[in-house]
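Student: Data file data_0.cif (mmCIF, C-alpha atoms and all ligand atoms) is appended below.
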```cif
data_upload
loop_
_atom_site.group_PDB
_atom_site.id
_atom_site.type_symbol
_atom_site.label_atom_id
_atom_site.label_comp_id
_atom_site.auth_asym_id
_atom_site.auth_seq_id
_atom_site.Cartn_x
_atom_site.Cartn_y
_atom_site.Cartn_z
ATOM 1 C CA MET K 1 197.952 48.456 93.610
ATOM 2 C CA GLU K 2 196.014 45.548 92.148
ATOM 3 C CA LEU K 3 193.199 46.572 89.847
ATOM 4 C CA MET K 4 190.583 44.606 91.822
ATOM 5 C CA ASP K 5 191.698 46.358 95.013
ATOM 6 C CA ALA K 6 191.394 49.741 93.312
ATOM 7 C CA ILE K 7 187.930 48.877 92.005
ATOM 8 C CA THR K 8 186.600 47.773 95.386
ATOM 9 C CA ALA K 9 188.427 50.270 97.640
ATOM 10 C CA ARG K 10 187.751 53.450 95.639
ATOM 11 C CA ARG K 11 185.205 55.598 97.473
ATOM 12 C CA SER K 12 183.510 58.913 96.799
ATOM 13 C CA VAL K 13 185.471 61.466 98.825
ATOM 14 C CA ARG K 14 183.524 64.479 100.071
ATOM 15 C CA LYS K 15 186.172 66.258 102.148
ATOM 16 C CA TYR K 16 189.627 67.249 100.914
ATOM 17 C CA ALA K 17 192.860 68.490 102.476
ATOM 18 C CA ASP K 18 194.067 71.993 101.675
ATOM 19 C CA ARG K 19 196.933 70.683 99.563
ATOM 20 C CA GLU K 20 197.723 71.109 95.866
ATOM 21 C CA VAL K 21 197.697 68.272 93.351
ATOM 22 C CA PRO K 22 201.001 68.232 91.398
ATOM 23 C CA LYS K 23 200.504 68.868 87.693
ATOM 24 C CA ASP K 24 202.181 65.593 86.652
ATOM 25 C CA LEU K 25 199.623 63.606 88.672
ATOM 26 C CA LEU K 26 196.805 65.565 87.117
ATOM 27 C CA VAL K 27 198.190 64.835 83.649
ATOM 28 C CA GLU K 28 198.417 61.119 84.519
ATOM 29 C CA VAL K 29 194.786 60.828 85.573
ATOM 30 C CA LEU K 30 193.544 62.813 82.567
ATOM 31 C CA GLU K 31 195.594 60.591 80.261
ATOM 32 C CA ALA K 32 194.186 57.473 81.977
ATOM 33 C CA ALA K 33 190.688 58.792 81.243
ATOM 34 C CA CYS K 34 191.525 59.037 77.556
ATOM 35 C CA TRP K 35 192.462 55.319 77.356
ATOM 36 C CA ALA K 36 188.841 54.288 77.892
ATOM 37 C CA PRO K 37 187.029 52.319 75.200
ATOM 38 C CA SER K 38 184.611 54.348 73.109
ATOM 39 C CA ALA K 39 181.858 53.746 70.588
ATOM 40 C CA ASP K 40 183.261 53.973 67.025
ATOM 41 C CA ASN K 41 186.549 54.845 68.768
ATOM 42 C CA ALA K 42 185.124 58.369 68.739
ATOM 43 C CA GLN K 43 186.797 59.352 72.043
ATOM 44 C CA PRO K 44 183.935 61.832 72.445
ATOM 45 C CA TRP K 45 185.016 63.274 75.812
ATOM 46 C CA TYR K 46 186.680 66.563 76.646
ATOM 47 C CA PHE K 47 187.937 67.395 80.137
ATOM 48 C CA VAL K 48 188.627 70.820 81.595
ATOM 49 C CA ALA K 49 190.588 70.672 84.871
ATOM 50 C CA LEU K 50 190.154 73.835 86.934
ATOM 51 C CA THR K 51 193.020 74.521 89.333
ATOM 52 C CA LYS K 52 193.070 78.323 89.610
ATOM 53 C CA PRO K 53 191.380 79.566 92.806
ATOM 54 C CA GLU K 54 189.576 82.298 90.843
ATOM 55 C CA ASP K 55 188.004 79.736 88.460
ATOM 56 C CA ILE K 56 186.974 77.542 91.364
ATOM 57 C CA GLU K 57 185.621 80.572 93.211
ATOM 58 C CA SER K 58 183.565 81.566 90.165
ATOM 59 C CA LEU K 59 181.571 78.339 90.543
ATOM 60 C CA ARG K 60 180.826 79.057 94.170
ATOM 61 C CA GLN K 61 177.393 80.683 93.670
ATOM 62 C CA THR K 62 176.197 77.888 91.397
ATOM 63 C CA LEU K 63 177.337 75.258 93.887
ATOM 64 C CA GLU K 64 175.666 77.067 96.771
ATOM 65 C CA ARG K 65 172.382 77.031 94.861
ATOM 66 C CA VAL K 66 172.831 73.363 93.932
ATOM 67 C CA SER K 67 173.430 72.384 97.562
ATOM 68 C CA VAL K 68 170.199 74.133 98.644
ATOM 69 C CA GLU K 69 168.060 72.913 95.733
ATOM 70 C CA ILE K 70 169.174 69.292 95.998
ATOM 71 C CA ARG K 71 168.207 68.912 99.678
ATOM 72 C CA PRO K 72 164.487 68.068 99.159
ATOM 73 C CA HIS K 73 165.417 65.453 96.548
ATOM 74 C CA LEU K 74 167.944 63.863 98.895
ATOM 75 C CA GLU K 75 165.477 63.915 101.806
ATOM 76 C CA GLU K 76 163.004 62.043 99.635
ATOM 77 C CA LEU K 77 165.645 59.542 98.486
ATOM 78 C CA PHE K 78 167.179 58.920 101.927
ATOM 79 C CA PRO K 79 164.370 59.519 104.469
ATOM 80 C CA ARG K 80 166.095 57.363 107.094
ATOM 81 C CA HIS K 81 169.626 58.678 106.496
ATOM 82 C CA PRO K 82 169.796 62.368 107.485
ATOM 83 C CA ARG K 83 173.560 61.990 107.847
ATOM 84 C CA VAL K 84 173.871 61.197 104.115
ATOM 85 C CA VAL K 85 171.665 64.191 103.239
ATOM 86 C CA ASN K 86 173.852 66.445 105.352
ATOM 87 C CA GLU K 87 177.136 65.082 104.101
ATOM 88 C CA VAL K 88 176.162 65.495 100.448
ATOM 89 C CA THR K 89 174.715 69.017 100.814
ATOM 90 C CA VAL K 90 177.694 70.263 102.822
ATOM 91 C CA PHE K 91 180.027 68.678 100.264
ATOM 92 C CA LEU K 92 178.282 70.256 97.268
ATOM 93 C CA HIS K 93 178.504 73.710 98.771
ATOM 94 C CA ARG K 94 182.264 73.876 98.114
ATOM 95 C CA MET K 95 183.003 70.432 96.638
ATOM 96 C CA GLY K 96 184.508 69.503 100.004
ATOM 97 C CA GLY K 97 187.358 71.990 99.515
ATOM 98 C CA ALA K 98 188.753 70.036 96.536
ATOM 99 C CA PRO K 99 191.714 71.858 94.932
ATOM 100 C CA VAL K 100 190.805 70.586 91.443
ATOM 101 C CA TYR K 101 187.432 70.547 89.709
ATOM 102 C CA ILE K 102 187.278 68.519 86.514
ATOM 103 C CA LEU K 103 184.482 69.279 84.066
ATOM 104 C CA ALA K 104 183.557 66.466 81.693
ATOM 105 C CA PHE K 105 182.062 67.401 78.332
ATOM 106 C CA LEU K 106 180.583 65.368 75.515
ATOM 107 C CA GLN K 107 181.875 66.720 72.213
ATOM 108 C CA LYS K 108 179.255 67.903 69.754
ATOM 109 C CA ASP K 109 180.117 65.784 66.732
ATOM 110 C CA TYR K 110 178.814 62.438 68.018
ATOM 111 C CA GLY K 111 176.230 61.934 65.229
ATOM 112 C CA THR K 112 173.071 60.065 66.103
ATOM 113 C CA VAL K 113 174.404 57.718 68.757
ATOM 114 C CA ARG K 114 174.348 60.017 71.767
ATOM 115 C CA ASP K 115 173.710 57.255 74.310
ATOM 116 C CA ALA K 116 176.780 55.307 73.203
ATOM 117 C CA MET K 117 178.876 58.472 73.477
ATOM 118 C CA VAL K 118 177.577 59.225 76.965
ATOM 119 C CA GLU K 119 178.469 55.639 77.930
ATOM 120 C CA SER K 120 181.949 56.118 76.456
ATOM 121 C CA THR K 121 182.462 59.329 78.434
ATOM 122 C CA ALA K 122 181.293 57.577 81.606
ATOM 123 C CA ALA K 123 183.921 54.874 80.973
ATOM 124 C CA ALA K 124 186.562 57.600 80.680
ATOM 125 C CA ILE K 125 185.416 59.171 83.952
ATOM 126 C CA GLN K 126 185.627 55.813 85.735
ATOM 127 C CA ASN K 127 189.193 55.366 84.397
ATOM 128 C CA LEU K 128 190.022 58.791 85.811
ATOM 129 C CA LEU K 129 188.547 57.898 89.216
ATOM 130 C CA LEU K 130 190.471 54.622 89.424
ATOM 131 C CA ALA K 131 193.766 56.152 88.280
ATOM 132 C CA ALA K 132 193.380 58.911 90.872
ATOM 133 C CA HIS K 133 192.642 56.363 93.595
ATOM 134 C CA GLU K 134 195.714 54.368 92.591
ATOM 135 C CA ARG K 135 197.810 57.528 93.149
ATOM 136 C CA GLY K 136 196.297 58.135 96.600
ATOM 137 C CA LEU K 137 193.987 60.882 95.370
ATOM 138 C CA GLY K 138 190.284 61.069 96.143
ATOM 139 C CA THR K 139 187.463 61.937 93.771
ATOM 140 C CA CYS K 140 183.726 62.428 93.733
ATOM 141 C CA TRP K 141 181.700 62.199 90.544
ATOM 142 C CA VAL K 142 178.963 64.852 90.712
ATOM 143 C CA ASN K 143 175.869 64.923 88.579
ATOM 144 C CA ALA K 144 173.739 67.221 90.757
ATOM 145 C CA VAL K 145 174.870 70.337 88.857
ATOM 146 C CA THR K 146 173.651 68.878 85.563
ATOM 147 C CA GLY K 147 170.490 67.366 87.064
ATOM 148 C CA LEU K 148 169.420 70.768 88.383
ATOM 149 C CA GLY K 149 169.917 72.436 85.008
ATOM 150 C CA TYR K 150 173.186 74.326 85.567
ATOM 151 C CA GLY K 151 175.099 72.442 82.832
ATOM 152 C CA PRO K 152 174.606 74.975 79.999
ATOM 153 C CA ALA K 153 175.967 77.823 82.157
ATOM 154 C CA LEU K 154 179.157 75.873 82.934
ATOM 155 C CA GLN K 155 179.476 74.942 79.277
ATOM 156 C CA GLU K 156 179.197 78.586 78.284
ATOM 157 C CA GLN K 157 181.704 79.677 80.920
ATOM 158 C CA PHE K 158 184.435 77.054 80.506
ATOM 159 C CA ALA K 159 184.212 75.304 77.139
ATOM 160 C CA PRO K 160 181.700 76.929 74.786
ATOM 161 C CA GLU K 161 183.152 75.174 71.718
ATOM 162 C CA LYS K 162 183.493 71.725 73.245
ATOM 163 C CA GLY K 163 179.989 70.360 73.408
ATOM 164 C CA GLU K 164 177.700 69.389 76.228
ATOM 165 C CA PHE K 165 178.576 69.528 79.918
ATOM 166 C CA LEU K 166 177.946 66.137 81.551
ATOM 167 C CA SER K 167 179.583 65.898 84.974
ATOM 168 C CA LEU K 168 181.765 67.612 87.509
ATOM 169 C CA ILE K 169 184.468 65.637 89.318
ATOM 170 C CA ALA K 170 186.092 66.780 92.566
ATOM 171 C CA LEU K 171 189.745 65.752 92.873
ATOM 172 C CA GLY K 172 192.217 66.144 95.707
ATOM 173 C CA TRP K 173 193.838 64.570 98.744
ATOM 174 C CA PRO K 174 191.243 62.853 100.945
ATOM 175 C CA ASP K 175 190.663 64.331 104.380
ATOM 176 C CA GLN K 176 188.054 61.944 105.729
ATOM 177 C CA LYS K 177 187.466 58.324 106.616
ATOM 178 C CA THR K 178 184.937 57.271 104.011
ATOM 179 C CA ARG K 179 182.130 54.818 104.636
ATOM 180 C CA THR K 180 181.579 51.972 102.195
ATOM 181 C CA PRO K 181 177.991 51.986 100.938
ATOM 182 C CA SER K 182 176.779 48.401 100.663
ATOM 183 C CA ARG K 183 176.262 46.911 97.228
ATOM 184 C CA LYS K 184 172.841 45.581 96.250
ATOM 185 C CA PRO K 185 172.518 41.827 95.750
ATOM 186 C CA ASP K 186 171.094 40.085 92.680
ATOM 187 C CA ARG K 187 172.574 42.483 90.136
ATOM 188 C CA TRP K 188 173.990 39.799 87.852
ATOM 189 C CA VAL K 189 173.345 36.266 86.665
ATOM 190 C CA ILE K 190 175.479 33.664 84.928
ATOM 191 C CA ARG K 191 173.419 31.545 82.500
HETATM 192 C C1 LIG T 1 176.762 59.505 87.535
HETATM 193 C C2 LIG T 1 177.047 59.746 89.006
HETATM 194 C C3 LIG T 1 176.566 60.896 89.596
HETATM 195 C C4 LIG T 1 176.838 61.178 90.953
HETATM 196 N N1 LIG T 1 176.422 62.369 91.486
HETATM 197 C C5 LIG T 1 176.729 62.666 92.762
HETATM 198 C C6 LIG T 1 176.374 63.942 93.294
HETATM 199 O O1 LIG T 1 175.768 64.777 92.620
HETATM 200 N N2 LIG T 1 176.731 64.218 94.580
HETATM 201 C C7 LIG T 1 177.425 63.311 95.349
HETATM 202 O O2 LIG T 1 177.744 63.631 96.497
HETATM 203 N N3 LIG T 1 177.776 62.094 94.860
HETATM 204 C C8 LIG T 1 177.453 61.749 93.599
HETATM 205 N N4 LIG T 1 177.829 60.540 93.069
HETATM 206 C C9 LIG T 1 178.558 59.576 93.910
HETATM 207 C C10 LIG T 1 177.624 58.455 94.395
HETATM 208 O O3 LIG T 1 176.797 58.965 95.419
HETATM 209 C C11 LIG T 1 178.492 57.281 94.922
HETATM 210 O O4 LIG T 1 179.253 56.775 93.856
HETATM 211 C C12 LIG T 1 177.646 56.155 95.499
HETATM 212 O O5 LIG T 1 176.971 56.572 96.652
HETATM 213 C C13 LIG T 1 178.524 54.934 95.870
HETATM 214 O O6 LIG T 1 179.560 55.318 96.769
HETATM 215 P P1 LIG T 1 181.103 55.082 96.425
HETATM 216 O O7 LIG T 1 181.415 55.906 95.205
HETATM 217 O O8 LIG T 1 181.863 55.533 97.635
HETATM 218 O O9 LIG T 1 181.290 53.614 96.148
HETATM 219 C C14 LIG T 1 177.566 60.225 91.735
HETATM 220 C C15 LIG T 1 178.036 59.055 91.120
HETATM 221 C C16 LIG T 1 177.785 58.827 89.777
HETATM 222 C C17 LIG T 1 178.334 57.563 89.128
#
```
How would this structure read if it were set down as structure tokens?
Tutor:
Amino acid sequence: MELMDAITARRSVRKYADREVPKDLLVEVLEAACWAPSADNAQPWYFVALTKPEDIESLRQTLERVSVEIRPHLEELFPRHPRVVNEVTVFLHRMGGAPVYILAFLQKDYGTVRDAMVESTAAAIQNLLLAAHERGLGTCWVNAVTGLGYGPALQEQFAPEKGEFLSLIALGWPDQKTRTPSRKPDRWVIR
């Protein structure tokens, strides 16, 4: 797959088939994440990939709460798109049935340049998303858990020594025809 095709055709997948992701594929996408550029070459990320049903199940209550609490925010953001509000809340409830949940952490020892380290971790997550797409896997990058204040609990539960929880990423085999949200114009200039 050409890189430009991967960049433009990757979509957020919010419904997954009930099918395992082979470990070698999971290793590949996690390794791809780690090839991202990073400020001071700090490589400040840490990923925890949850594959055991009991680990995934243990997040269920948190996700149920997130899917309820996020609804008013989504209704405010997308007043004319109830379908989007529904799709996202239903997805968050169980991460669309994804067989793998990847938790992205920012390691503690980043010094004073937190923003640059968050940017570096975001670059790693985008690498992961593109590598997964290239292998036919779907992903969805989820910030709602963090935005609603559940990050510290996940940190405590899954990686207490590894820093700050930033994002959750659903990963699995897509089981939906995704729509392509339009891109906004006038977001760059050449001078
Ligand atoms: C930092 C970040 C946080 C996101 N959080 C959520 C989320 O909490 N729930 C969700 O369903 N999608 C989430 N998304 C996915 C976006 O909604 C999606 O990328 C956007 O609508 C564009 O669609 P596309 O990814 O299919 O191109 C997030 C994406 C990013 C980059």
Student: Kindly list the centre and edge lengths in Å, rounded to one decimal, for the axis-aligned box that covers all listed atoms of ligand LIG 1 (chain T) plus 3 Å on each of its six sides, as AutoDock Vina command-line options.
Tutor:
```
--center_x 178.8 --center_y 59.2 --center_z 92.6 --size_x 12.1 --size_y 17.2 --size_z 16.1
```
Student: Return the single residue from K:Ala98, K:Ala42, K:Val27, K:Ala104 that is closest to Ile56 in chain K, with distances computed using all atoms listed in the file.
Tutor: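 Comparing K:Ala98, K:Ala42, K:Val27, K:Ala104 against Ile56 in chain K, the winner is K:Ala98.
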Student: Taking all atoms listed in the file and a cut-off of 6 Å, can you tell me which residues surround ligand LIG 1 (chain T), written as a ChimeraX atom specification?
Tutor: /K:11-12,88,140-144,180-181
Student: Taking only C-alpha atoms into account, name the residue in K:Trp35, K:Tyr16, K:Phe165, K:Phe158 that is nearest to Gln126 in chain K.
Tutor: K:Trp35
Student: Here is a test: counting only C-alpha atoms, which residue of K:Glu20, K:Thr8, K:Gly96, K:Leu154 is nearest to Asp175 in chain K?
Tutor: K:Gly96
Student: Complete range 44-59 of chain K with N, CA and C atoms (output as a short mmCIF file (atom, residue, chain, number, x, y, z; two decimals), in the frame of the given file).
Tutor:
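The resulting file, rebuild-v1.cif, is shown below:
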```cif
data_model
loop_
_atom_site.label_atom_id
_atom_site.label_comp_id
_atom_site.auth_asym_id
_atom_site.auth_seq_id
_atom_site.Cartn_x
_atom_site.Cartn_y
_atom_site.Cartn_z
N PRO K 44 184.78 60.62 72.53
CA PRO K 44 183.94 61.83 72.44
C PRO K 44 184.05 62.78 73.63
N TRP K 45 184.92 62.46 74.59
CA TRP K 45 185.02 63.27 75.81
C TRP K 45 185.92 64.48 75.63
N TYR K 46 185.75 65.44 76.53
CA TYR K 46 186.68 66.56 76.65
C TYR K 46 186.67 66.98 78.11
N PHE K 47 187.85 67.06 78.72
CA PHE K 47 187.94 67.40 80.14
C PHE K 47 188.59 68.76 80.33
N VAL K 48 188.02 69.54 81.21
CA VAL K 48 188.63 70.82 81.60
C VAL K 48 188.92 70.73 83.09
N ALA K 49 190.21 70.77 83.45
CA ALA K 49 190.59 70.67 84.87
C ALA K 49 190.83 72.09 85.40
N LEU K 50 190.01 72.50 86.34
CA LEU K 50 190.15 73.83 86.93
C LEU K 50 191.04 73.74 88.17
N THR K 51 192.11 74.53 88.18
CA THR K 51 193.02 74.52 89.33
C THR K 51 193.21 75.92 89.92
N LYS K 52 192.85 76.94 89.13
CA LYS K 52 193.07 78.32 89.61
C LYS K 52 191.98 78.69 90.62
N PRO K 53 192.38 79.22 91.79
CA PRO K 53 191.38 79.57 92.81
C PRO K 53 190.28 80.48 92.25
N GLU K 54 190.62 81.38 91.34
CA GLU K 54 189.58 82.30 90.84
C GLU K 54 188.53 81.56 89.99
N ASP K 55 188.97 80.53 89.24
CA ASP K 55 188.00 79.74 88.46
C ASP K 55 187.10 78.95 89.39
N ILE K 56 187.73 78.34 90.40
CA ILE K 56 186.97 77.54 91.36
C ILE K 56 185.98 78.44 92.11
N GLU K 57 186.46 79.61 92.49
CA GLU K 57 185.62 80.57 93.21
C GLU K 57 184.42 81.00 92.35
N SER K 58 184.65 81.10 91.03
CA SER K 58 183.56 81.57 90.16
C SER K 58 182.41 80.55 90.08
N LEU K 59 182.64 79.34 90.53
CA LEU K 59 181.57 78.34 90.54
C LEU K 59 180.80 78.33 91.85
#
```
